[in-house]
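Undergrad: My questions will all concern the structure given below.
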Amino acid sequence: MLLPSFLALGLAVPSAFAQQTGSFVMFVGSSDKVYILDKVEGNAHQINGHSVYASVWDIASRTATPMDVQTNAFCAAGMHLPNASYAVFGGNTAIGPGGDNSAAGSTTTFDPTYQDYDGTRAIRIITPCDGVVTSPPCSWYDSSNGLQMAKRRCRADGGFTAGGFINRYTPNVDPTYEGGAAEPTYELFPPTSQSPQIMNFMVKTSGLNAYALTYLMPSGKMFVQANYSTTLWDYDRNIETPLPDMPDQIVRVYPASGANAMLPLTPANNYTPTLIFCGGQTMDDASWGNYGYPGVDTWTLAASSMCHRIIPEPVDGSAPAYVQDDSLPIGRTMGQFVALPDGTLLVINGAEYGTAGYAQRTLTTTTFGAMPFGESLATGPVAQPAIYNPNAPAGSRWSTAGLSSSNIPRLYHSSALLLPDGSVMVAGSNPNADVNLTTKYPTTYTAEYFYPPYFAAKTRPVPRNIPANLSYGGNPFNITVPSSSYTGDAEGAAGNTTVWLIRQGFTTHAMSMGQRIMQLNNTFTIQDDGTIVLHTAQLPPSPNLFQPGPAFLFVTISGIPSNGTYVLVGNGQIGAQPTAPASVLPQSSRATRGSGSSNGTNGGTGKSSATATHYSLTNRLMMA
């Protein structure tokens, strides 16, 4: 029996529908839909004559509908677009049973068994909508001869052309191209007239540069971290400015897979980006191995517990520097940060030993039969989440109090995602080349919901009049919070209210690409009946801080968030965004009386701290 904190979904579904897709990619496409992509593998459930590699999860009914994709999206990258569509770039070559091309007729271009096409140059687009998800315009636009990148890219933020454990051969005599296995160039979407250019940083970090960690900075430059190196990159001119190395040469990119995030952007920190990196792995160079497998038995090596912060563009003109932060309660590889609407960050999933990825041998353990955990290169699942409070005093920023543990290992190919109600959906785990239901760490089709501590509240805010569109600067807007949204003194509630804008990002490989959390400035007026009117600023007039596109707005009173409201930031078009002067807010105005009138029936659950629940993607994914 699970302790309160996780709910496993769909356990009551008939076992005949027990397998459909795993979940190495997830993103929230709208207020009621989570989109899921799996790598091409032998999932039992079928669509159009082949295994299902994609689905859409209906948040309200907790059911999933299969979707069709044609190209192999394994190890793709993705991002939202300003019009609220999502684009998914690259992936892996076509594969068949066993995760390779050993079956009759299978090639890297097309596999007749799994009926998948090479995805290394593919660009897949989806525009979330409420129509039939298996037909245009609500289906995936994905075709073997559709939108294409100029170059083949697997782990598109790095430099693979196909796949592998790390991005190099040994000895590493060609760090630029690795004989055609590496792709150190970059290109833009939508395409420009510029041909792909070599990014020197990708050559410098040869080997450990898959899924390089990238963050857009206020200047328009890109913070990039890979291997243990860091740079600030002007991608318009392809000029790199070296920043300090990661302390102790801790590797945070795949397959070390340390948790990383941008801390909340707030008026108090002048919307200055601070990045945090936690966990990961440290090995000597030879131990990292090559495309085929690691040079050591990774599962014997403890993951790092250390955390570091950096402000890449300090506003005081000082030199950027990594600063050691509070360590994780326990070391993790493959841990993932999820921004929560109370201004804290959850870290969840991962393992205490080893790395991401899978293999059938290492340089030390040379036969598959001797591998102790099947193909998994990690063990010691870290079952208990932890919550990081960036505003707490040093030494007290991490907490596990009241957080229960899951009984489902979440290792390679697991993902976590904030839902609009403030819960966190957790799914996936498959450190195997193909579906394997009998190994130590099997292909996992069960999803869970994690309920953070604020779900213990019996009353949650129910804000009104939230606009559908937000701008960069411009006139403020008013959000109405009725007295039924809180208890106690109105002035105390209003003074402890924050307005959060959150973009959950595109989650894969223990990362949330594009995840941002920003506090919108506000003042307030308290009316005599206890109603609070929040005079709320638009975003700061800099699209680089929070890029245009979809997001969710939460109103949080004394740490208790409302449900998120779907909004669109910017003008909905790719290109320069209109900006206006920063919003000017009126002074706060207090009533002579007023208090909350909630009786605890407006949406709070009253669950014990960090309640969670179990569901199973297993069968609910089959039939909507």
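Labels used: A, B, ... for chains in the order of the structure tokens, numbers from 1 for residues in each chain, and numbers from 1 for ligands as shown.
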List as CSV every residue of stretch 112-204 of chain A that is in contact with stretch 342-358 of chain A, defined as an atom at most 12 Å from one of its atoms (using only C-alpha atoms), together with the nearest atom pair and the distance in Å rounded to one decimal, sorted by chain and then rising number.
TA:
residue,atom,partner,partner_atom,distance
A:Gly163,CA,A:Gly357,CA,10.5
A:Gly164,CA,A:Gly357,CA,8.4
A:Phe165,CA,A:Gly357,CA,6.3
A:Ile166,CA,A:Gly357,CA,9.2
Undergrad: Taking the chain letters and numbering used in this document, name the residues of stretch 290-399 of chain A that DSSP puts in strand (DSSP E or B), as a ChimeraX atom specification.
TA: /A:302,307-310,323-325,333,336-339,345-348,351-358,372-381,386-388,398-399
Undergrad: Might you pull out every residue within 9 Å of A:Asn172, with only C-alpha atoms counted and same-chain residues fewer than 6 positions away left off, and present them as a list in words?
TA: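 Surrounding residues, per the criterion: Glu178, Ser206, Gly207 and Asn290 of chain A.
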Undergrad: A:Pro586, A:Gly159, A:Gly559, A:Gly422: which is nearest A:Val533, counting only C-alpha atoms?
TA: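 Looking at the shortest contact to A:Val533, the residue is A:Pro586.
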Undergrad: Could you work out how far atom CA of A:Gln360 lies from atom CA of A:Pro294, giving the answer in Å with one decimal?
TA: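 Pair atom CA of A:Pro294 / atom CA of A:Gln360 returns 10.3 Å.
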Undergrad: Taking a cut-off of 12 Å and counting only C-alpha atoms, can you build a table that, for each residue of stretch 445-476 of chain A near stretch 490-505 of chain A, reports the nearest atom pair and how far apart they are in Å (one decimal), sorted by chain then residue number, as CSV?
TA:
residue,atom,partner,partner_atom,distance
A:Pro461,CA,A:Thr497,CA,10.0
A:Pro463,CA,A:Val499,CA,10.4
A:Ile466,CA,A:Val499,CA,10.8
A:Leu470,CA,A:Leu501,CA,10.2
Undergrad: Would you export the selected residues with N, CA and C atoms as a tab-separated table (two decimals), in the first residue's frame, please?
TA:
chain	number	residue	atom	x	y	z
A	461	PRO	N	-7.82	29.13	-3.74
A	461	PRO	CA	-8.33	30.33	-4.42
A	461	PRO	C	-9.05	29.98	-5.72
A	463	PRO	N	-9.76	32.41	-8.59
A	463	PRO	CA	-9.71	33.76	-9.17
A	463	PRO	C	-10.62	33.88	-10.39
A	466	ILE	N	-9.37	36.46	-15.33
A	466	ILE	CA	-8.01	36.33	-15.85
A	466	ILE	C	-8.05	36.45	-17.36
A	470	LEU	N	-1.67	37.76	-22.54
A	470	LEU	CA	-0.79	38.65	-21.79
A	470	LEU	C	0.23	39.25	-22.73
Undergrad: Could you tell me how far atom CA of A:Cys307 sits from atom CA of A:Asp248, in Å to one decimal place?
TA: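 Taking atom CA of A:Asp248 as the start and atom CA of A:Cys307 as the end point, the length is 11.2 Å.
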